[in-house]
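Okay, entry39.csv now, which holds CSV, C-alpha atoms and all ligand atoms:
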chain,number,residue,atom,x,y,z
A,1015,MET,CA,57.0,87.7,64.6
A,1016,ASN,CA,53.4,88.8,63.9
A,1017,ILE,CA,53.5,91.4,61.1
A,1018,VAL,CA,50.7,93.3,59.5
A,1019,LEU,CA,51.3,94.4,55.9
A,1020,PHE,CA,49.3,97.5,55.3
A,1021,GLY,CA,48.6,99.6,52.2
A,1022,LYS,CA,46.2,100.3,49.4
A,1023,PRO,CA,44.9,97.6,47.1
A,1024,GLY,CA,47.7,97.1,44.5
A,1025,ALA,CA,50.5,98.5,46.8
A,1026,GLY,CA,52.3,95.1,46.4
A,1027,LYS,CA,51.3,93.4,49.7
A,1028,GLY,CA,50.5,90.2,47.8
A,1029,THR,CA,53.8,90.3,46.0
A,1030,GLN,CA,55.9,91.1,49.0
A,1031,ALA,CA,54.2,88.7,51.5
A,1032,PRO,CA,55.7,85.4,50.2
A,1033,ARG,CA,59.1,87.1,49.8
A,1034,LEU,CA,59.1,88.3,53.4
A,1035,ALA,CA,57.7,84.9,54.5
A,1036,GLU,CA,60.7,83.2,52.9
A,1037,ALA,CA,63.2,85.6,54.3
A,1038,LEU,CA,61.7,85.5,57.8
A,1039,THR,CA,60.4,81.9,57.7
A,1040,VAL,CA,57.0,83.0,58.9
A,1041,PRO,CA,53.9,81.8,57.0
A,1042,THR,CA,51.4,84.3,55.5
A,1043,LEU,CA,47.7,84.7,55.8
A,1044,ALA,CA,46.1,86.5,52.8
A,1045,THR,CA,42.4,86.9,53.5
A,1046,GLY,CA,41.7,87.9,49.9
A,1047,ASP,CA,43.2,84.6,48.7
A,1048,VAL,CA,41.2,82.6,51.3
A,1049,LEU,CA,38.0,84.3,50.2
A,1050,ARG,CA,38.7,83.9,46.5
A,1051,ALA,CA,39.4,80.2,47.0
A,1052,ALA,CA,36.2,79.8,49.0
A,1053,ALA,CA,34.2,81.7,46.3
A,1054,GLN,CA,35.7,79.4,43.6
A,1055,ALA,CA,34.8,76.3,45.6
A,1056,GLY,CA,31.3,77.6,46.2
A,1057,THR,CA,31.4,77.1,50.0
A,1058,PRO,CA,29.0,79.1,52.2
A,1059,LEU,CA,31.9,81.4,53.2
A,1060,GLY,CA,32.7,82.0,49.5
A,1061,LEU,CA,29.1,82.6,48.5
A,1062,LYS,CA,28.7,85.1,51.3
A,1063,ALA,CA,31.9,86.9,50.4
A,1064,LYS,CA,31.7,87.0,46.6
A,1065,ASP,CA,29.2,89.8,46.2
A,1066,TYR,CA,31.2,92.1,48.5
A,1067,MET,CA,34.4,91.2,46.7
A,1068,ASP,CA,33.1,91.7,43.2
A,1069,ARG,CA,32.0,95.2,44.1
A,1070,GLY,CA,35.3,96.1,45.8
A,1071,ALA,CA,33.5,96.4,49.2
A,1072,LEU,CA,34.8,95.0,52.5
A,1073,VAL,CA,33.6,91.6,53.7
A,1074,PRO,CA,32.0,92.0,57.2
A,1075,ASP,CA,34.5,92.1,60.1
A,1076,ASP,CA,33.0,89.0,61.8
A,1077,VAL,CA,33.7,86.9,58.7
A,1078,ILE,CA,37.3,88.1,58.5
A,1079,LEU,CA,38.0,87.7,62.2
A,1080,GLY,CA,36.6,84.2,62.0
A,1081,ILE,CA,39.2,83.3,59.4
A,1082,VAL,CA,41.9,85.0,61.4
A,1083,ARG,CA,41.1,83.1,64.6
A,1084,GLU,CA,40.8,79.8,62.8
A,1085,THR,CA,44.2,80.4,61.1
A,1086,LEU,CA,46.1,81.5,64.2
A,1087,ALA,CA,44.9,78.4,66.0
A,1088,GLN,CA,46.8,76.2,63.5
A,1089,ALA,CA,50.2,74.8,64.7
A,1090,LYS,CA,51.8,76.1,61.5
A,1091,TYR,CA,51.2,79.7,62.7
A,1092,ALA,CA,52.4,79.2,66.3
A,1093,GLY,CA,55.7,81.0,65.6
A,1094,GLY,CA,54.1,84.0,63.9
A,1095,VAL,CA,52.2,85.2,60.9
A,1096,ILE,CA,52.5,87.7,58.1
A,1097,LEU,CA,49.1,89.2,57.5
A,1098,ASP,CA,48.4,90.3,54.0
A,1099,GLY,CA,45.1,92.2,53.6
A,1100,VAL,CA,44.1,92.1,57.2
A,1101,VAL,CA,43.8,94.6,59.0
A,1102,ARG,CA,41.3,96.7,57.0
A,1103,THR,CA,39.1,98.3,59.7
A,1104,VAL,CA,39.6,99.5,63.2
A,1105,PRO,CA,37.3,96.7,64.6
A,1106,GLN,CA,39.6,94.2,62.8
A,1107,ALA,CA,42.6,95.8,64.5
A,1108,GLU,CA,40.8,95.3,67.9
A,1109,GLY,CA,39.7,91.8,67.0
A,1110,LEU,CA,43.2,90.8,65.9
A,1111,ARG,CA,44.7,92.3,69.1
A,1112,ASP,CA,42.4,90.2,71.2
A,1113,ALA,CA,42.9,87.0,69.2
A,1114,LEU,CA,46.7,87.4,69.5
A,1115,ALA,CA,46.5,88.4,73.2
A,1116,SER,CA,44.6,85.2,74.0
A,1117,LEU,CA,47.7,83.3,72.6
A,1118,GLY,CA,50.1,85.5,74.6
A,1119,ARG,CA,51.1,87.4,71.4
A,1120,GLN,CA,50.8,90.8,69.9
A,1121,VAL,CA,51.4,92.6,66.6
A,1122,ASP,CA,55.1,93.2,66.5
A,1123,ALA,CA,55.3,95.5,63.4
A,1124,VAL,CA,53.0,97.2,60.9
A,1125,LEU,CA,54.6,97.9,57.5
A,1126,ASN,CA,52.8,100.5,55.4
A,1127,PHE,CA,53.5,100.1,51.7
A,1128,ASP,CA,53.2,103.6,50.3
A,1129,VAL,CA,52.2,104.3,46.6
A,1130,SER,CA,50.2,107.0,44.8
A,1131,ASN,CA,46.7,106.5,43.6
A,1132,ASP,CA,47.8,107.0,39.9
A,1133,GLU,CA,50.3,104.2,40.2
A,1134,ILE,CA,47.6,101.9,41.9
A,1135,VAL,CA,45.2,102.4,39.0
A,1136,ARG,CA,48.0,101.7,36.5
A,1137,ARG,CA,49.0,98.5,38.3
A,1138,LEU,CA,45.6,97.1,39.0
A,1139,SER,CA,44.3,97.7,35.5
A,1140,SER,CA,47.2,95.7,34.1
A,1141,ARG,CA,47.3,93.0,36.7
A,1142,LEU,CA,46.6,89.3,36.1
A,1143,VAL,CA,46.5,86.7,38.8
A,1144,CYS,CA,46.8,82.9,38.7
A,1145,SER,CA,43.3,81.4,39.0
A,1146,SER,CA,44.9,78.5,40.9
A,1147,CYS,CA,47.6,79.7,43.3
A,1148,GLN,CA,46.8,83.5,43.1
A,1149,THR,CA,50.3,84.7,42.2
A,1150,PRO,CA,49.9,88.2,40.8
A,1151,TYR,CA,51.6,89.2,37.4
A,1152,MET,CA,51.7,92.4,35.3
A,1153,SER,CA,50.1,91.7,32.0
A,1154,GLY,CA,52.4,92.2,29.0
A,1155,ALA,CA,55.3,90.7,30.8
A,1156,VAL,CA,53.8,87.2,30.9
A,1157,GLY,CA,52.0,84.6,28.7
A,1158,ASP,CA,48.7,83.2,29.8
A,1159,ALA,CA,49.9,80.5,32.3
A,1160,CYS,CA,51.3,80.9,35.8
A,1161,ALA,CA,55.1,80.5,35.9
A,1162,LYS,CA,54.8,78.8,39.3
A,1163,CYS,CA,52.0,76.2,38.9
A,1164,GLY,CA,50.8,76.5,35.2
A,1165,GLY,CA,47.4,77.8,36.3
A,1166,LYS,CA,45.4,80.0,34.0
A,1167,LEU,CA,46.1,83.8,34.4
A,1168,VAL,CA,42.9,85.8,34.7
A,1169,ARG,CA,41.8,89.4,35.5
A,1170,ARG,CA,40.2,89.8,38.9
A,1171,LYS,CA,36.6,91.0,38.7
A,1172,ASP,CA,37.5,93.7,41.3
A,1173,ASP,CA,40.3,95.0,39.1
A,1174,GLU,CA,37.8,96.5,36.7
A,1175,PRO,CA,37.8,100.3,36.7
A,1176,ASP,CA,34.6,100.9,38.7
A,1177,ALA,CA,35.7,98.4,41.4
A,1178,ILE,CA,39.2,99.9,41.5
A,1179,ARG,CA,37.7,103.3,42.2
A,1180,ASN,CA,35.4,101.8,44.9
A,1181,ARG,CA,38.3,100.0,46.5
A,1182,LEU,CA,40.4,103.2,46.7
A,1183,GLU,CA,37.5,105.0,48.3
A,1184,VAL,CA,36.9,102.2,50.8
A,1185,PHE,CA,40.6,102.3,51.6
A,1186,GLU,CA,40.5,106.1,52.4
A,1187,ARG,CA,37.3,105.8,54.4
A,1188,GLN,CA,37.7,102.6,56.3
A,1189,THR,CA,41.2,101.4,56.1
A,1190,ALA,CA,43.5,104.4,56.3
A,1191,PRO,CA,42.5,105.2,59.9
A,1192,VAL,CA,43.9,101.8,60.9
A,1193,PHE,CA,47.5,102.9,60.5
A,1194,GLU,CA,46.8,105.8,62.9
A,1195,TRP,CA,45.2,103.4,65.3
A,1196,TYR,CA,48.3,101.3,65.4
A,1197,ARG,CA,50.5,104.4,65.8
A,1198,THR,CA,48.5,105.5,68.9
A,1199,HIS,CA,48.3,102.0,70.3
A,1200,GLY,CA,52.0,101.5,70.7
A,1201,ALA,CA,52.7,99.2,67.7
A,1202,ARG,CA,56.0,99.5,65.8
A,1203,VAL,CA,55.0,101.1,62.5
A,1204,ALA,CA,57.1,101.9,59.5
A,1205,THR,CA,56.3,103.3,56.1
A,1206,VAL,CA,58.0,101.8,53.1
A,1207,SER,CA,58.0,103.3,49.6
A,1208,ALA,CA,56.4,100.6,47.4
A,1209,THR,CA,57.6,102.0,44.1
A,1210,GLY,CA,60.7,100.6,42.3
A,1211,SER,CA,61.6,97.0,41.7
A,1212,VAL,CA,60.1,94.1,43.7
A,1213,GLU,CA,63.6,93.3,45.0
A,1214,GLU,CA,64.1,96.9,46.2
A,1215,VAL,CA,60.8,97.0,48.0
A,1216,THR,CA,61.6,93.7,49.8
A,1217,LYS,CA,65.0,95.1,50.8
A,1218,ARG,CA,63.3,98.2,52.2
A,1219,ALA,CA,60.7,96.1,54.1
A,1220,LEU,CA,63.3,93.9,55.7
A,1221,ALA,CA,65.4,96.9,56.7
A,1222,ALA,CA,62.4,98.5,58.3
A,1223,LEU,CA,61.9,95.2,60.3
A,1224,GLY,CA,65.5,95.4,61.4
A,1225,ARG,CA,66.4,92.4,59.3
A,1226,PRO,CA,68.6,93.7,56.4
A,1227,ALA,CA,68.7,91.2,53.5
A,1301,LIG,P1,42.7,91.5,48.4
A,1301,LIG,O1,43.1,90.3,47.7
A,1301,LIG,O2,43.5,91.7,49.7
A,1301,LIG,O3,42.8,92.8,47.6
A,1301,LIG,O4,41.2,91.3,48.8
A,1301,LIG,C1,40.2,91.2,47.8
A,1301,LIG,C2,38.8,91.5,48.5
A,1301,LIG,O5,38.6,90.5,49.5
A,1301,LIG,C3,38.7,92.8,49.1
A,1301,LIG,O6,38.3,93.9,48.2
A,1301,LIG,C4,37.5,92.6,50.1
A,1301,LIG,O7,36.3,92.5,49.4
A,1301,LIG,C5,37.8,91.1,50.6
A,1301,LIG,N1,38.7,91.2,51.7
A,1301,LIG,C6,40.0,90.7,51.9
A,1301,LIG,N2,40.5,90.9,53.1
A,1301,LIG,C7,39.6,91.6,53.7
A,1301,LIG,C8,39.5,92.2,55.1
A,1301,LIG,N3,40.5,92.1,55.9
A,1301,LIG,N4,38.4,92.9,55.4
A,1301,LIG,C9,37.3,93.0,54.6
A,1301,LIG,N5,37.3,92.5,53.3
A,1301,LIG,C10,38.4,91.8,52.9

Represent the structure contained in this file as structure tokens.
Amino acid sequence: MNIVLFGKPGAGKGTQAPRLAEALTVPTLATGDVLRAAAQAGTPLGLKAKDYMDRGALVPDDVILGIVRETLAQAKYAGGVILDGVVRTVPQAEGLRDALASLGRQVDAVLNFDVSNDEIVRRLSSRLVCSSCQTPYMSGAVGDACAKCGGKLVRRKDDEPDAIRNRLEVFERQTAPVFEWYRTHGARVATVSATGSVEEVTKRALAALGRPA
């Protein structure tokens, strides 16, 4: 199964991706996590991406598609992938289609996690992430260490108010048309309400994929 998780920043893609991965036994690719790890390690990829990410702007399509192609070529991903944070532009949708087609595969489903802008601002401004394994948490409900790996919890630079506003604008301008692109290109698309508990959203997502929990 090759599944695209679609939705605004803060819709819950990063929370749902590992849960769906476990339920479906399909590994995830989160481009944001790959880029943040590269930026932290100071690699050429990370240095190139950091400035875009800090501003809440999109990293160029060729950089993203390079990561996607490299990932899909790995044996671990031969049985499918859950894409979290790709696809964010129409050229990325086209590039992913071509990369999968060269492997005899296609996007099987696009899940659109739907949530209001007010809720997004509320979530992102109170979000902390593990600086080591990237697990997201809501501040207030946690201490200062990751429950999974003990890493330090930090606020992402792009979760500051100006960057949040920019990311929502970028979503409307560049990313929202991608869902329509999939609709008109024959993909199976489903919109899932992303409010409510984490467990409820997972149930809805699995039901939309025809895999009730
Ligand atoms: P995320 O963790 O998915 O919210 O991504 C954080 C940041 O990484 C985004 O605001 C972009 O700067 C960059 N990024 C991640 N995935 C993509 C993508 N598919 N296309 C362009 N930029 C991306």

Counting only C-alpha atoms and all ligand atoms, what residues are within 7 Å of ligand LIG 1301 (chain A), given as a PyMOL selection string?
-> chain A and resi 1023+1044-1047+1049+1066-1067+1070-1075+1078+1098-1103+1172+1181

Write out as a ChimeraX atom specification the residues lying within 10 Å of Leu1043 of chain A, counting all atoms listed in the file and excluding same-chain residues fewer than 3 positions away.
-> /A:1018,1031-1032,1040,1046-1048,1081-1082,1085-1086,1091,1095-1100

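The environment of Ala1221 of chain A within 12 Å, counting only C-alpha atoms and disregarding residues fewer than 4 places along the same chain, consists of Leu1034, Ala1037, Leu1125, Ala1204, Thr1205, Val1206, Glu1214, Val1215, Thr1216, Lys1217, Arg1225, Pro1226 and Ala1227 of chain A.
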
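The spacing separating atom CA of Glu1036 of chain A from atom CA of Gln1088 of chain A amounts to 18.8 Å.
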
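Our summary of the geometry notes that atom CA of Val1184 of chain A is positioned 9.6 Å from atom CA of Lys1022 of chain A.
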
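Between atom CA of Arg1141 of chain A and atom CA of Ser1153 of chain A lies a distance of 5.6 Å.
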
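Between Leu1117 of chain A and the candidates A:Cys1163, A:Pro1041, A:Asp1065, A:Asn1016, the tightest atom-to-atom separation, counting all atoms listed in the file, involves A:Asn1016.
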
Identify, on the basis of all atoms listed in the file, every residue whose closest approach to Val1135 of chain A does not exceed 8 Å; exclude the query and any residue fewer than 4 positions from it along the same chain; express the result as a ChimeraX atom specification.
-> /A:1131,1139,1178

Go ahead and write the residues just picked, C-alpha atoms, as a PDB file, in the coordinates of the input.
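See result15.pdb below for the written result:
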ATOM      1  CA  ASN A1131      46.700 106.500  43.600  1.00  0.00           C
ATOM      2  CA  SER A1139      44.300  97.700  35.500  1.00  0.00           C
ATOM      3  CA  ILE A1178      39.200  99.900  41.500  1.00  0.00           C
TER       4      ILE A1178
END

One residue among A:Gly1028, A:Gly1080, A:Ala1107, A:Pro1175 is nearest to Ala1190 of chain A when using all atoms listed in the file, and that residue is A:Ala1107

Name the residues in contact with Phe1127 of chain A at a cut-off of 6 Å, using all atoms listed in the file, excluding same-chain residues fewer than 2 positions from it; report them as a compact mmCIF listing (two decimals) with C-alpha atoms, in the coordinates of the input.
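Wrote it out as around-v5.txt, contents follow:
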# COMPACT_ATOMS: atom_id res chain seq x y z
CA GLY A 1021 48.60 99.60 52.20
CA ALA A 1025 50.50 98.50 46.80
CA VAL A 1206 58.00 101.80 53.10
CA SER A 1207 58.00 103.30 49.60
CA ALA A 1208 56.40 100.60 47.40

Do you know which residues are at most 10 Å from Pro1105 of chain A counting all atoms listed in the file, after dropping those on the same chain fewer than 5 positions away, and could you put them as a PyMOL selection string?
-> chain A and resi 1075-1076+1079+1110-1111+1192

Give me the segment 1081-1195 of chain A side of the contact with segment 1200-1203 of chain A, cut-off 7 Å, one line per residue showing its nearest atom pair and distance in Å at one decimal, counting only C-alpha atoms, sorted by chain and residue number, as a tab-separated table.
residue	atom	partner	partner_atom	distance
A:Val1121	CA	A:Ala1201	CA	6.8
A:Asp1122	CA	A:Arg1202	CA	6.4
A:Ala1123	CA	A:Arg1202	CA	4.7
A:Val1124	CA	A:Val1203	CA	4.7
A:Leu1125	CA	A:Val1203	CA	5.9
